[in-house]
>>> print(open('target-v3.txt').read())   # compact mmCIF, C-alpha atoms and all ligand atoms
# COMPACT_ATOMS: atom_id res chain seq x y z
CA MET Q 1 -56.76 -24.10 14.22
CA MET Q 2 -53.37 -22.52 13.61
CA ASP Q 3 -50.43 -24.87 13.03
CA GLN Q 4 -48.31 -24.97 16.21
CA GLU Q 5 -45.13 -24.01 14.36
CA ILE Q 6 -46.81 -21.00 12.80
CA ASN Q 7 -48.21 -20.05 16.16
CA ASP Q 8 -44.71 -20.15 17.68
CA ARG Q 9 -43.39 -17.92 14.90
CA VAL Q 10 -46.19 -15.39 15.37
CA GLU Q 11 -45.46 -15.23 19.09
CA GLU Q 12 -41.78 -14.75 18.36
CA LEU Q 13 -42.60 -11.99 15.94
CA GLU Q 14 -44.88 -10.35 18.47
CA ARG Q 15 -42.03 -10.31 21.01
CA LYS Q 16 -39.57 -8.95 18.44
CA TYR Q 17 -41.84 -6.07 17.39
CA ALA Q 18 -43.00 -5.33 20.92
CA THR Q 19 -39.39 -4.84 22.02
CA MET Q 20 -39.13 -2.01 19.49
CA GLY Q 21 -42.56 -0.63 20.43
CA GLN Q 22 -43.98 -1.72 17.08
CA ASP Q 23 -47.39 -3.12 16.23
CA LEU Q 24 -47.06 -6.52 14.57
CA LYS Q 25 -50.48 -6.26 12.90
CA SER Q 26 -49.38 -3.28 10.79
CA TYR Q 27 -46.29 -5.16 9.64
CA LEU Q 28 -48.42 -8.20 8.74
CA ASP Q 29 -50.62 -5.87 6.66
CA GLY Q 30 -47.46 -4.78 4.85
CA LEU Q 31 -46.50 -8.40 4.25
CA LEU Q 32 -49.91 -9.12 2.76
CA ILE Q 33 -49.50 -6.51 0.04
CA SER Q 34 -45.77 -7.08 -0.60
CA ASN Q 35 -44.58 -8.43 -3.95
CA TYR Q 36 -42.39 -11.53 -4.18
CA LEU Q 37 -38.69 -10.76 -4.45
CA THR Q 38 -37.17 -11.44 -7.86
CA TYR Q 39 -33.61 -12.33 -8.74
CA TRP Q 40 -33.23 -9.29 -11.01
CA ASP Q 41 -34.38 -6.84 -8.37
CA TYR Q 42 -32.32 -8.45 -5.64
CA ILE Q 43 -29.03 -8.09 -7.49
CA ASN Q 44 -30.02 -4.86 -9.26
CA LEU Q 45 -29.38 -6.50 -12.58
CA ASP Q 46 -30.78 -3.75 -14.83
CA THR Q 47 -28.62 -1.13 -13.12
CA LEU Q 48 -25.58 -3.39 -13.19
CA LEU Q 49 -25.93 -4.06 -16.91
CA SER Q 50 -26.42 -0.37 -17.66
CA LEU Q 51 -22.97 0.55 -16.32
CA GLN Q 52 -20.82 -0.59 -19.26
CA LYS Q 53 -20.22 2.45 -21.41
CA PRO Q 54 -17.32 2.18 -23.85
CA ARG Q 55 -16.03 5.53 -25.15
CA THR Q 56 -15.38 4.33 -28.71
CA ASP Q 57 -17.00 2.02 -31.25
CA PHE Q 58 -14.19 -0.59 -31.14
CA PRO Q 59 -16.04 -3.74 -29.98
CA ASP Q 60 -13.16 -4.99 -27.82
CA GLU Q 61 -13.35 -1.93 -25.59
CA MET Q 62 -16.40 -3.59 -23.98
CA ILE Q 63 -14.16 -6.43 -22.77
CA PHE Q 64 -11.76 -3.89 -21.27
CA VAL Q 65 -14.52 -2.07 -19.41
CA VAL Q 66 -16.26 -5.20 -18.13
CA TYR Q 67 -13.05 -6.85 -16.95
CA HIS Q 68 -12.03 -3.73 -15.02
CA GLN Q 69 -15.44 -3.71 -13.38
CA ILE Q 70 -15.17 -7.40 -12.49
CA THR Q 71 -11.79 -6.66 -10.89
CA GLU Q 72 -13.18 -3.75 -8.90
CA LEU Q 73 -15.97 -5.99 -7.60
CA TYR Q 74 -13.42 -8.55 -6.39
CA PHE Q 75 -11.48 -5.69 -4.78
CA LYS Q 76 -14.71 -4.72 -3.06
CA LEU Q 77 -15.07 -8.25 -1.68
CA ALA Q 78 -11.47 -8.13 -0.42
CA LEU Q 79 -12.06 -4.78 1.31
CA HIS Q 80 -15.24 -6.17 2.86
CA GLU Q 81 -13.09 -8.81 4.58
CA PHE Q 82 -10.33 -6.36 5.55
CA HIS Q 83 -12.94 -4.16 7.19
CA GLN Q 84 -14.35 -7.04 9.24
CA LEU Q 85 -10.90 -8.29 10.24
CA GLY Q 86 -9.87 -4.79 11.22
CA HIS Q 87 -12.78 -4.76 13.68
CA ASN Q 88 -12.28 -8.38 14.87
CA GLY Q 89 -15.37 -9.74 13.13
CA ARG Q 90 -19.07 -9.17 13.62
CA ASN Q 91 -20.93 -10.62 16.55
CA ILE Q 92 -24.25 -11.55 15.02
CA LEU Q 93 -26.86 -13.85 16.55
CA PRO Q 94 -28.67 -16.57 14.57
CA ASN Q 95 -31.85 -14.45 14.71
CA GLY Q 96 -30.03 -11.71 12.84
CA GLU Q 97 -29.55 -9.46 15.88
CA ASP Q 98 -26.34 -7.51 15.46
CA LEU Q 99 -24.35 -7.14 18.70
CA GLY Q 100 -21.57 -5.09 17.13
CA TRP Q 101 -17.88 -5.89 16.71
CA LYS Q 102 -16.09 -8.59 18.69
CA LYS Q 103 -13.61 -7.52 21.35
CA GLU Q 104 -10.73 -9.64 20.08
CA LEU Q 105 -9.65 -11.20 16.82
CA SER Q 106 -9.32 -14.98 16.89
CA LYS Q 107 -6.52 -16.72 15.03
CA ASP Q 108 -9.04 -18.89 13.19
CA LEU Q 109 -11.00 -15.91 11.89
CA LEU Q 110 -7.80 -14.25 10.73
CA VAL Q 111 -6.79 -17.36 8.77
CA GLU Q 112 -10.26 -17.97 7.36
CA ARG Q 113 -10.74 -14.41 6.13
CA VAL Q 114 -7.24 -13.91 4.77
CA GLN Q 115 -7.78 -17.13 2.84
CA ARG Q 116 -10.95 -15.65 1.38
CA ILE Q 117 -9.00 -12.62 0.19
CA ASN Q 118 -6.41 -14.98 -1.24
CA GLN Q 119 -9.13 -16.76 -3.18
CA TYR Q 120 -10.32 -13.49 -4.69
CA PHE Q 121 -6.80 -12.60 -5.81
CA SER Q 122 -6.21 -16.09 -7.10
CA ALA Q 123 -9.42 -15.87 -9.19
CA LEU Q 124 -8.24 -12.51 -10.58
CA THR Q 125 -4.78 -13.82 -11.37
CA LYS Q 126 -6.17 -16.90 -13.14
CA SER Q 127 -8.68 -14.90 -15.17
CA PHE Q 128 -6.25 -12.20 -16.30
CA ASP Q 129 -5.75 -14.02 -19.61
CA ILE Q 130 -9.08 -12.45 -20.56
CA MET Q 131 -7.08 -9.23 -20.78
CA ILE Q 132 -3.84 -10.65 -22.10
CA GLN Q 133 -5.21 -12.86 -24.85
CA GLY Q 134 -8.80 -11.72 -25.07
CA MET Q 135 -8.53 -8.42 -26.93
CA ASP Q 136 -7.38 -7.58 -30.41
CA LYS Q 137 -4.09 -5.70 -30.06
CA GLU Q 138 -4.80 -3.28 -32.92
CA GLN Q 139 -8.17 -2.37 -31.44
CA PHE Q 140 -6.65 -1.97 -27.98
CA LEU Q 141 -3.92 0.36 -29.20
CA ARG Q 142 -6.56 2.52 -30.86
CA PHE Q 143 -9.28 2.74 -28.22
CA ARG Q 144 -6.79 3.36 -25.38
CA MET Q 145 -6.01 6.74 -26.96
CA ALA Q 146 -9.57 7.82 -26.19
CA LEU Q 147 -9.02 6.99 -22.51
CA LEU Q 148 -6.06 9.28 -21.76
CA PRO Q 149 -5.00 10.09 -19.07
CA ALA Q 150 -7.13 7.52 -17.18
CA SER Q 151 -5.25 4.46 -15.93
CA GLY Q 152 -5.83 1.51 -13.59
CA PHE Q 153 -3.14 3.30 -11.60
CA GLN Q 154 -6.07 5.39 -10.34
CA SER Q 155 -7.83 2.40 -8.75
CA ALA Q 156 -8.49 3.65 -5.22
CA GLN Q 157 -9.67 0.24 -4.08
CA TYR Q 158 -6.31 -1.26 -5.04
CA ARG Q 159 -4.56 1.38 -2.91
CA LYS Q 160 -6.94 0.72 -0.03
CA ILE Q 161 -6.16 -2.99 -0.15
CA GLU Q 162 -2.50 -2.12 0.30
CA VAL Q 163 -3.24 0.20 3.22
CA CYS Q 164 -5.37 -2.44 4.96
CA SER Q 165 -2.77 -5.18 4.44
CA THR Q 166 0.29 -3.75 6.10
CA ASP Q 167 2.00 -1.19 8.25
CA PHE Q 168 1.91 2.07 6.24
CA ARG Q 169 5.67 2.31 6.53
CA ASN Q 170 6.03 -0.68 4.19
CA LEU Q 171 4.35 1.32 1.45
CA VAL Q 172 6.84 4.16 1.71
CA SER Q 173 9.25 4.01 -1.22
CA ARG Q 174 12.54 2.29 -0.44
CA ASN Q 175 14.65 5.41 -0.75
CA ALA Q 176 12.62 7.23 1.93
CA ARG Q 177 12.01 4.31 4.28
CA HIS Q 178 14.99 5.15 6.49
CA LEU Q 179 13.12 8.32 7.56
CA TYR Q 180 10.60 6.13 9.32
CA PRO Q 181 11.92 3.57 11.81
CA GLU Q 182 9.78 0.57 12.71
CA ASN Q 183 6.88 1.48 14.99
CA THR Q 184 7.13 5.08 13.83
CA THR Q 185 4.42 7.38 15.07
CA ALA Q 186 4.86 9.79 12.15
CA PRO Q 187 1.53 11.02 10.80
CA ILE Q 188 0.21 8.97 7.88
CA ALA Q 189 -0.18 12.21 5.90
CA GLU Q 190 3.59 12.68 6.07
CA MET Q 191 4.46 9.11 5.01
CA PHE Q 192 1.81 9.35 2.30
CA GLU Q 193 3.95 11.96 0.53
CA HIS Q 194 6.62 9.25 0.08
CA ILE Q 195 4.31 6.41 -0.88
CA TYR Q 196 5.90 4.27 -3.60
CA TRP Q 197 3.32 4.85 -6.33
CA LYS Q 198 3.70 8.63 -6.19
CA GLN Q 199 7.33 8.21 -7.11
CA GLY Q 200 6.37 5.88 -9.96
CA ALA Q 201 4.28 8.65 -11.47
CA THR Q 202 6.71 11.51 -10.86
CA GLU Q 203 9.52 12.56 -13.14
CA LEU Q 204 12.47 12.30 -10.77
CA SER Q 205 14.67 15.00 -12.37
CA THR Q 206 11.99 17.72 -12.40
CA GLY Q 207 9.67 16.45 -9.63
CA LYS Q 208 6.78 16.89 -12.07
CA LYS Q 209 3.78 14.67 -11.37
CA THR Q 210 1.81 13.03 -14.17
CA LEU Q 211 -1.70 14.35 -14.73
CA THR Q 212 -2.97 10.87 -13.84
CA LEU Q 213 -1.39 11.19 -10.40
CA LYS Q 214 -2.51 14.79 -9.87
CA GLN Q 215 -6.12 13.88 -10.57
CA PHE Q 216 -5.95 10.85 -8.32
CA GLU Q 217 -4.50 12.89 -5.46
CA LYS Q 218 -7.17 15.53 -5.83
CA LYS Q 219 -9.96 13.00 -5.49
CA TYR Q 220 -8.55 10.42 -3.08
CA SER Q 221 -5.62 11.68 -0.94
CA GLU Q 222 -7.78 12.60 2.02
CA GLU Q 223 -9.71 9.34 1.94
CA ILE Q 224 -6.56 7.22 1.79
CA ILE Q 225 -4.83 9.15 4.57
CA ASP Q 226 -7.91 8.78 6.78
CA LEU Q 227 -8.02 5.06 6.06
CA GLY Q 228 -4.29 4.82 6.89
CA GLU Q 229 -4.86 6.51 10.25
CA SER Q 230 -7.85 4.35 11.13
CA PHE Q 231 -6.03 1.18 10.04
CA ARG Q 232 -2.78 1.92 11.89
CA GLU Q 233 -3.82 -0.62 14.51
CA ARG Q 234 -6.31 -2.48 12.33
CA ASN Q 235 -4.25 -3.53 9.32
CA ILE Q 236 -3.46 -7.22 8.90
CA TRP Q 237 0.08 -6.91 10.20
CA ALA Q 238 -1.07 -5.07 13.34
CA LYS Q 239 -3.75 -7.72 13.84
CA TYR Q 240 -1.17 -10.49 13.43
CA LYS Q 241 1.07 -8.80 15.98
CA GLY Q 242 -1.91 -8.63 18.35
CA LEU Q 243 -2.13 -12.45 18.45
CA SER Q 244 -0.38 -14.40 21.19
CA THR Q 245 3.26 -15.36 20.50
CA GLU Q 246 2.15 -18.96 20.08
CA ASP Q 247 -0.57 -18.07 17.55
CA GLN Q 248 1.90 -15.92 15.61
CA GLN Q 249 4.07 -19.01 15.16
CA ASP Q 250 1.21 -21.13 13.84
CA PRO Q 251 2.21 -22.23 10.31
CA LYS Q 252 -1.38 -21.76 9.07
CA VAL Q 253 -1.37 -18.10 10.09
CA ARG Q 254 2.05 -17.42 8.61
CA GLN Q 255 1.17 -19.26 5.42
CA ALA Q 256 -2.05 -17.26 4.93
CA LEU Q 257 -0.16 -13.97 5.30
CA ARG Q 258 2.72 -15.04 3.09
CA GLN Q 259 0.24 -16.10 0.41
CA LEU Q 260 -1.48 -12.71 0.64
CA ASP Q 261 1.88 -11.00 0.17
CA ILE Q 262 2.61 -13.14 -2.89
CA ASN Q 263 -0.86 -12.70 -4.34
CA VAL Q 264 -1.01 -8.92 -4.05
CA ASN Q 265 2.64 -8.10 -4.59
CA VAL Q 266 3.81 -10.74 -7.06
CA ASN Q 267 1.15 -12.89 -8.73
CA TRP Q 268 -1.38 -10.22 -9.67
CA PRO Q 269 1.25 -7.56 -10.57
CA LEU Q 270 2.96 -10.09 -12.80
CA VAL Q 271 -0.07 -11.16 -14.82
CA HIS Q 272 -0.91 -7.49 -15.07
CA TYR Q 273 2.61 -6.68 -16.21
CA LYS Q 274 2.28 -9.45 -18.78
CA SER Q 275 -0.63 -7.51 -20.34
CA ALA Q 276 1.51 -4.37 -20.55
CA VAL Q 277 4.26 -6.40 -22.25
CA ARG Q 278 1.75 -7.91 -24.69
CA TYR Q 279 0.15 -4.61 -25.70
CA LEU Q 280 2.74 -1.93 -25.10
CA GLN Q 281 6.08 -3.58 -25.84
CA GLN Q 282 7.20 -3.05 -29.45
CA ASP Q 283 10.36 -4.19 -31.18
CA THR Q 284 11.77 -0.70 -31.50
CA ASN Q 285 9.97 1.90 -29.43
CA ASN Q 286 7.62 1.02 -26.60
CA VAL Q 287 4.11 2.48 -26.47
CA PRO Q 288 3.81 5.01 -23.63
CA ALA Q 289 1.46 4.12 -20.77
CA THR Q 290 -1.84 6.02 -20.56
CA GLY Q 291 -0.94 7.05 -17.03
CA GLY Q 292 2.48 8.30 -18.10
CA THR Q 293 4.67 6.07 -15.91
CA ASN Q 294 7.85 4.49 -17.16
CA TRP Q 295 5.96 1.21 -16.98
CA GLN Q 296 8.88 -1.11 -17.80
CA LYS Q 297 10.68 0.18 -14.73
CA TYR Q 298 7.61 0.77 -12.60
CA LEU Q 299 5.46 -2.35 -12.94
CA PRO Q 300 7.79 -5.36 -12.42
CA PRO Q 301 7.67 -6.55 -8.78
CA ARG Q 302 11.37 -7.33 -8.77
CA PHE Q 303 12.12 -3.58 -9.10
CA GLN Q 304 9.48 -2.36 -6.68
CA LYS Q 305 9.97 -5.10 -4.11
CA ARG Q 306 6.73 -4.25 -2.43
CA ILE Q 307 6.57 -6.56 0.57
CA PHE Q 308 3.83 -6.42 3.19
CA TYR Q 309 5.38 -8.79 5.71
CA PRO Q 310 9.21 -8.60 5.62
CA GLU Q 311 9.44 -10.45 8.94
CA LEU Q 312 7.86 -13.53 7.38
CA TRP Q 313 10.46 -13.86 4.59
CA SER Q 314 14.12 -14.79 4.53
CA GLU Q 315 16.74 -12.37 3.14
CA GLN Q 316 17.16 -14.69 0.16
CA GLU Q 317 13.42 -14.75 -0.57
CA MET Q 318 13.25 -10.98 -0.48
CA GLU Q 319 16.36 -10.66 -2.60
CA THR Q 320 14.79 -12.70 -5.41
CA TRP Q 321 11.28 -11.24 -4.99
CA GLY Q 322 9.27 -11.82 -8.20
CA LYS Q 323 12.42 -12.39 -10.21
CA ALA Q 324 11.96 -15.90 -11.61
CA TRP Q 325 8.49 -15.04 -12.82
CA VAL Q 326 9.45 -11.86 -14.68
CA GLU Q 327 12.21 -13.64 -16.49
CA GLU Q 328 9.71 -16.31 -17.53
CA VAL Q 329 7.19 -13.72 -18.79
CA LEU Q 330 9.79 -11.88 -20.84
CA ALA Q 331 11.33 -15.07 -22.25
CA ASN Q 332 7.89 -16.32 -23.38
CA GLU Q 333 7.11 -12.99 -24.96
CA LEU Q 334 10.36 -12.91 -26.90
CA ARG Q 335 9.73 -16.49 -28.14
CA SER Q 336 6.17 -15.72 -29.40
C1 LIG Q 401 -4.60 -4.56 -21.44
C2 LIG Q 401 -4.70 -4.46 -20.14
C3 LIG Q 401 -3.89 -3.52 -19.30
C4 LIG Q 401 -2.78 -2.79 -19.60
C5 LIG Q 401 -2.00 -2.74 -20.92
C6 LIG Q 401 -2.41 -2.05 -18.41
C7 LIG Q 401 -1.36 -1.16 -18.32
C8 LIG Q 401 -0.98 -0.50 -17.18
C9 LIG Q 401 0.16 0.38 -17.07
C10 LIG Q 401 1.10 0.73 -18.19
C11 LIG Q 401 0.21 0.82 -15.79
C12 LIG Q 401 1.23 1.80 -15.19
C13 LIG Q 401 0.57 3.11 -14.87
C14 LIG Q 401 0.39 3.98 -16.11
O1 LIG Q 401 1.33 4.72 -16.41
O2 LIG Q 401 -0.67 3.92 -16.75
C15 LIG Q 401 -0.89 0.22 -15.08
C16 LIG Q 401 -1.14 0.38 -13.73
C17 LIG Q 401 -2.17 -0.22 -13.07
N1 LIG Q 401 -3.21 -0.93 -13.62
FE1 LIG Q 401 -3.26 -1.65 -15.50
N2 LIG Q 401 -3.31 -2.34 -17.41
C18 LIG Q 401 -4.24 -3.23 -17.90
C19 LIG Q 401 -5.32 -3.78 -17.26
C20 LIG Q 401 -5.65 -3.51 -15.94
C21 LIG Q 401 -6.78 -4.05 -15.26
C22 LIG Q 401 -7.83 -5.01 -15.83
C23 LIG Q 401 -6.76 -3.55 -14.00
C24 LIG Q 401 -7.80 -3.83 -12.95
C25 LIG Q 401 -8.28 -2.90 -12.15
C26 LIG Q 401 -5.60 -2.70 -13.88
C27 LIG Q 401 -5.20 -2.04 -12.73
C28 LIG Q 401 -4.03 -1.34 -12.61
C29 LIG Q 401 -3.50 -0.90 -11.34
C30 LIG Q 401 -4.09 -1.16 -9.96
C31 LIG Q 401 -2.31 -0.21 -11.62
C32 LIG Q 401 -1.34 0.37 -10.61
C33 LIG Q 401 -0.29 -0.71 -10.34
C34 LIG Q 401 0.85 -0.25 -9.47
O3 LIG Q 401 0.84 0.86 -8.96
O4 LIG Q 401 1.79 -1.05 -9.31
N3 LIG Q 401 -4.94 -2.69 -15.08
N4 LIG Q 401 -1.60 -0.57 -15.94
>>> encode(input="target-v3.txt", output="structure tokens")
Amino acid sequence: MMDQEINDRVEELERKYATMGQDLKSYLDGLLISNYLTYWDYINLDTLLSLQKPRTDFPDEMIFVVYHQITELYFKLALHEFHQLGHNGRNILPNGEDLGWKKELSKDLLVERVQRINQYFSALTKSFDIMIQGMDKEQFLRFRMALLPASGFQSAQYRKIEVCSTDFRNLVSRNARHLYPENTTAPIAEMFEHIYWKQGATELSTGKKTLTLKQFEKKYSEEIIDLGESFRERNIWAKYKGLSTEDQQDPKVRQALRQLDINVNVNWPLVHYKSAVRYLQQDTNNVPATGGTNWQKYLPPRFQKRIFYPELWSEQEMETWGKAWVEEVLANELRS
């Protein structure tokens, strides 16, 4: 006598497979010979642990490689959320049936998922000491020479996070922004030429691009422009603007977006900048960056003033963007 609960499940399975014109018996045969799933297969552990390949014999290079990979995985989680938010969230039934994207984005989903992204960035910001304190400076200064001209500047996921967060116009460097009024319909490909990070890696007097930038453009320009076009109406700011006026005023919504702005444009850039100060700042002459930027001018948020959501900040807050923090970082460095 078959247990009633098992019987119910078998009937359910029969219905499920019949809908797709499949024979349940064959699938049950497959189940009979299947192996049990293991942890190591599920997360592809052997493959994952085979991907750390330092280019030199300096032991601390392993820390550098692994920490970059950890960061890229967090970036991947962030992009996973941006993608779902951009499409209003997945409509998925408890039985696993996928009904596609929802028609509209709810305020609650926006808050919940932006908070997730904030948690990822907060974890990255808190753990950045692994870079700042966790490597021997002498080893770092040696092994980095074997990595030229590669730089974290070439992190495409970081650039994609920016594109998914805001109106593309806000990524255009400040001196070209006047070319693009709010709600501009200019092609992304055109604004992309003025994106702030290209200027950071271009010698202004000669217009010569660093090799780091040239290689990045060759591999990723098309992908980033396509993402910009498809996220014109799907980026977080566009999604926020799509909420009702009342929902836009909800302090929880505004707070989640403001925190995202601070996390991506101040907190993470500042701990990252702190690592550049620790390793590249010397008493007399500074060590050049592997990507060739003038990093002292390029990296500090108070110079860049990258802001995703200008409407959510006061003039005063934007004026002092990232300033207090940078002063603190530099003062601590000079004391130590
Ligand atoms: C010792 C640790 C690090 C140092 C000294 C450092 C240094 C630098 C410097 C000097 C730049 C400017 C571009 C250049 O000319 O190379 C840069 C950019 C960048 N780095 Fe790092 N970096 C470190 C760790 C990391 C880590 C762990 C990540 C994680 C992915 C990362 C991601 C980035 C990104 C995304 C940029 C572009 C930032 C922007 O455009 O504002 N860096 N880094």
>>> residues_around(input="target-v3.txt", residues="Q:Lys214", least_positions_apart="5", cutoff="10 Å", atoms="only C-alpha atoms", output="CSV table (one decimal) with C-alpha atoms, keeping the file's coordinate frame")
chain,number,residue,atom,x,y,z
Q,198,LYS,CA,3.7,8.6,-6.2
Q,201,ALA,CA,4.3,8.6,-11.5
Q,202,THR,CA,6.7,11.5,-10.9
Q,208,LYS,CA,6.8,16.9,-12.1
Q,209,LYS,CA,3.8,14.7,-11.4
Q,219,LYS,CA,-10.0,13.0,-5.5
Q,221,SER,CA,-5.6,11.7,-0.9
>>> residues_near_ligand(input="target-v3.txt", ligand="ligand LIG 401 (chain Q)", cutoff="6 Å", atoms="only C-alpha atoms and all ligand atoms", output="ChimeraX atom specification")
/Q:67-68,71-72,131,151-153,155,158,197,275-276,279,289-293,295,299
>>> write_last_selection(input="target-v3.txt", atoms="C-alpha atoms", output="tab-separated table (two decimals), keeping the file's coordinate frame")
chain	number	residue	atom	x	y	z
Q	67	TYR	CA	-13.05	-6.85	-16.95
Q	68	HIS	CA	-12.03	-3.73	-15.02
Q	71	THR	CA	-11.79	-6.66	-10.89
Q	72	GLU	CA	-13.18	-3.75	-8.90
Q	131	MET	CA	-7.08	-9.23	-20.78
Q	151	SER	CA	-5.25	4.46	-15.93
Q	152	GLY	CA	-5.83	1.51	-13.59
Q	153	PHE	CA	-3.14	3.30	-11.60
Q	155	SER	CA	-7.83	2.40	-8.75
Q	158	TYR	CA	-6.31	-1.26	-5.04
Q	197	TRP	CA	3.32	4.85	-6.33
Q	275	SER	CA	-0.63	-7.51	-20.34
Q	276	ALA	CA	1.51	-4.37	-20.55
Q	279	TYR	CA	0.15	-4.61	-25.70
Q	289	ALA	CA	1.46	4.12	-20.77
Q	290	THR	CA	-1.84	6.02	-20.56
Q	291	GLY	CA	-0.94	7.05	-17.03
Q	292	GLY	CA	2.48	8.30	-18.10
Q	293	THR	CA	4.67	6.07	-15.91
Q	295	TRP	CA	5.96	1.21	-16.98
Q	299	LEU	CA	5.46	-2.35	-12.94
>>> residues_around(input="target-v3.txt", residues="stretch 43-57 of chain Q", least_positions_apart="4", cutoff="10 Å", atoms="all atoms listed in the file", output="list in words")
Thr38, Tyr39, Glu61, Met62, Ile63, Phe64, Val65, Val66, Gln69, Gln139, Arg142, Phe143, Arg144, Met145, Ala146 and Leu147 of chain Q
>>> atom_distance(input="target-v3.txt", atom1="atom CA of Q:Glu162", atom2="atom CA of Q:Gln119")
16.4 Å
>>> closest_residue(input="target-v3.txt", among="Q:Gln157, Q:Ser314, Q:Gln199, Q:Thr206", to="Q:Ile224", atoms="only C-alpha atoms")
Q:Gln157
>>> decode(input="target-v3.txt", residues="stretch 3-16 of chain Q", atoms="N, CA, C and O atoms", output="PDB file, in the first residue's frame")
ATOM      1  N   ASP Q   3       1.931   4.981   0.639  1.00  0.00           N
ATOM      2  CA  ASP Q   3       1.618   6.092   1.536  1.00  0.00           C
ATOM      3  C   ASP Q   3       0.807   7.147   0.762  1.00  0.00           C
ATOM      4  O   ASP Q   3       1.143   7.466  -0.390  1.00  0.00           O
ATOM      5  N   GLN Q   4      -0.234   7.684   1.395  1.00  0.00           N
ATOM      6  CA  GLN Q   4      -1.110   8.628   0.692  1.00  0.00           C
ATOM      7  C   GLN Q   4      -0.340   9.851   0.171  1.00  0.00           C
ATOM      8  O   GLN Q   4      -0.543  10.310  -0.948  1.00  0.00           O
ATOM      9  N   GLU Q   5       0.569  10.338   1.012  1.00  0.00           N
ATOM     10  CA  GLU Q   5       1.331  11.544   0.620  1.00  0.00           C
ATOM     11  C   GLU Q   5       2.183  11.268  -0.606  1.00  0.00           C
ATOM     12  O   GLU Q   5       2.296  12.100  -1.503  1.00  0.00           O
ATOM     13  N   ILE Q   6       2.783  10.073  -0.623  1.00  0.00           N
ATOM     14  CA  ILE Q   6       3.612   9.721  -1.784  1.00  0.00           C
ATOM     15  C   ILE Q   6       2.723   9.592  -3.020  1.00  0.00           C
ATOM     16  O   ILE Q   6       3.042  10.061  -4.114  1.00  0.00           O
ATOM     17  N   ASN Q   7       1.602   8.970  -2.807  1.00  0.00           N
ATOM     18  CA  ASN Q   7       0.636   8.815  -3.901  1.00  0.00           C
ATOM     19  C   ASN Q   7       0.260  10.180  -4.515  1.00  0.00           C
ATOM     20  O   ASN Q   7       0.255  10.347  -5.740  1.00  0.00           O
ATOM     21  N   ASP Q   8      -0.019  11.135  -3.613  1.00  0.00           N
ATOM     22  CA  ASP Q   8      -0.378  12.485  -4.090  1.00  0.00           C
ATOM     23  C   ASP Q   8       0.746  13.080  -4.926  1.00  0.00           C
ATOM     24  O   ASP Q   8       0.524  13.684  -5.969  1.00  0.00           O
ATOM     25  N   ARG Q   9       1.983  12.909  -4.428  1.00  0.00           N
ATOM     26  CA  ARG Q   9       3.141  13.460  -5.161  1.00  0.00           C
ATOM     27  C   ARG Q   9       3.273  12.826  -6.556  1.00  0.00           C
ATOM     28  O   ARG Q   9       3.513  13.508  -7.537  1.00  0.00           O
ATOM     29  N   VAL Q  10       3.080  11.493  -6.587  1.00  0.00           N
ATOM     30  CA  VAL Q  10       3.227  10.798  -7.878  1.00  0.00           C
ATOM     31  C   VAL Q  10       2.177  11.319  -8.859  1.00  0.00           C
ATOM     32  O   VAL Q  10       2.467  11.585 -10.032  1.00  0.00           O
ATOM     33  N   GLU Q  11       0.979  11.527  -8.348  1.00  0.00           N
ATOM     34  CA  GLU Q  11      -0.088  12.034  -9.234  1.00  0.00           C
ATOM     35  C   GLU Q  11       0.251  13.446  -9.734  1.00  0.00           C
ATOM     36  O   GLU Q  11       0.047  13.757 -10.904  1.00  0.00           O
ATOM     37  N   GLU Q  12       0.796  14.219  -8.805  1.00  0.00           N
ATOM     38  CA  GLU Q  12       1.206  15.586  -9.197  1.00  0.00           C
ATOM     39  C   GLU Q  12       2.282  15.540 -10.280  1.00  0.00           C
ATOM     40  O   GLU Q  12       2.243  16.271 -11.263  1.00  0.00           O
ATOM     41  N   LEU Q  13       3.223  14.624 -10.049  1.00  0.00           N
ATOM     42  CA  LEU Q  13       4.305  14.492 -11.034  1.00  0.00           C
ATOM     43  C   LEU Q  13       3.753  14.044 -12.389  1.00  0.00           C
ATOM     44  O   LEU Q  13       4.158  14.546 -13.436  1.00  0.00           O
ATOM     45  N   GLU Q  14       2.817  13.114 -12.327  1.00  0.00           N
ATOM     46  CA  GLU Q  14       2.233  12.615 -13.574  1.00  0.00           C
ATOM     47  C   GLU Q  14       1.607  13.764 -14.366  1.00  0.00           C
ATOM     48  O   GLU Q  14       1.796  13.891 -15.567  1.00  0.00           O
ATOM     49  N   ARG Q  15       0.886  14.631 -13.628  1.00  0.00           N
ATOM     50  CA  ARG Q  15       0.234  15.786 -14.281  1.00  0.00           C
ATOM     51  C   ARG Q  15       1.295  16.700 -14.886  1.00  0.00           C
ATOM     52  O   ARG Q  15       1.207  17.132 -16.012  1.00  0.00           O
ATOM     53  N   LYS Q  16       2.344  16.970 -14.076  1.00  0.00           N
ATOM     54  CA  LYS Q  16       3.394  17.894 -14.529  1.00  0.00           C
ATOM     55  C   LYS Q  16       4.045  17.382 -15.819  1.00  0.00           C
ATOM     56  O   LYS Q  16       4.184  18.120 -16.795  1.00  0.00           O
TER      57      LYS Q  16
END
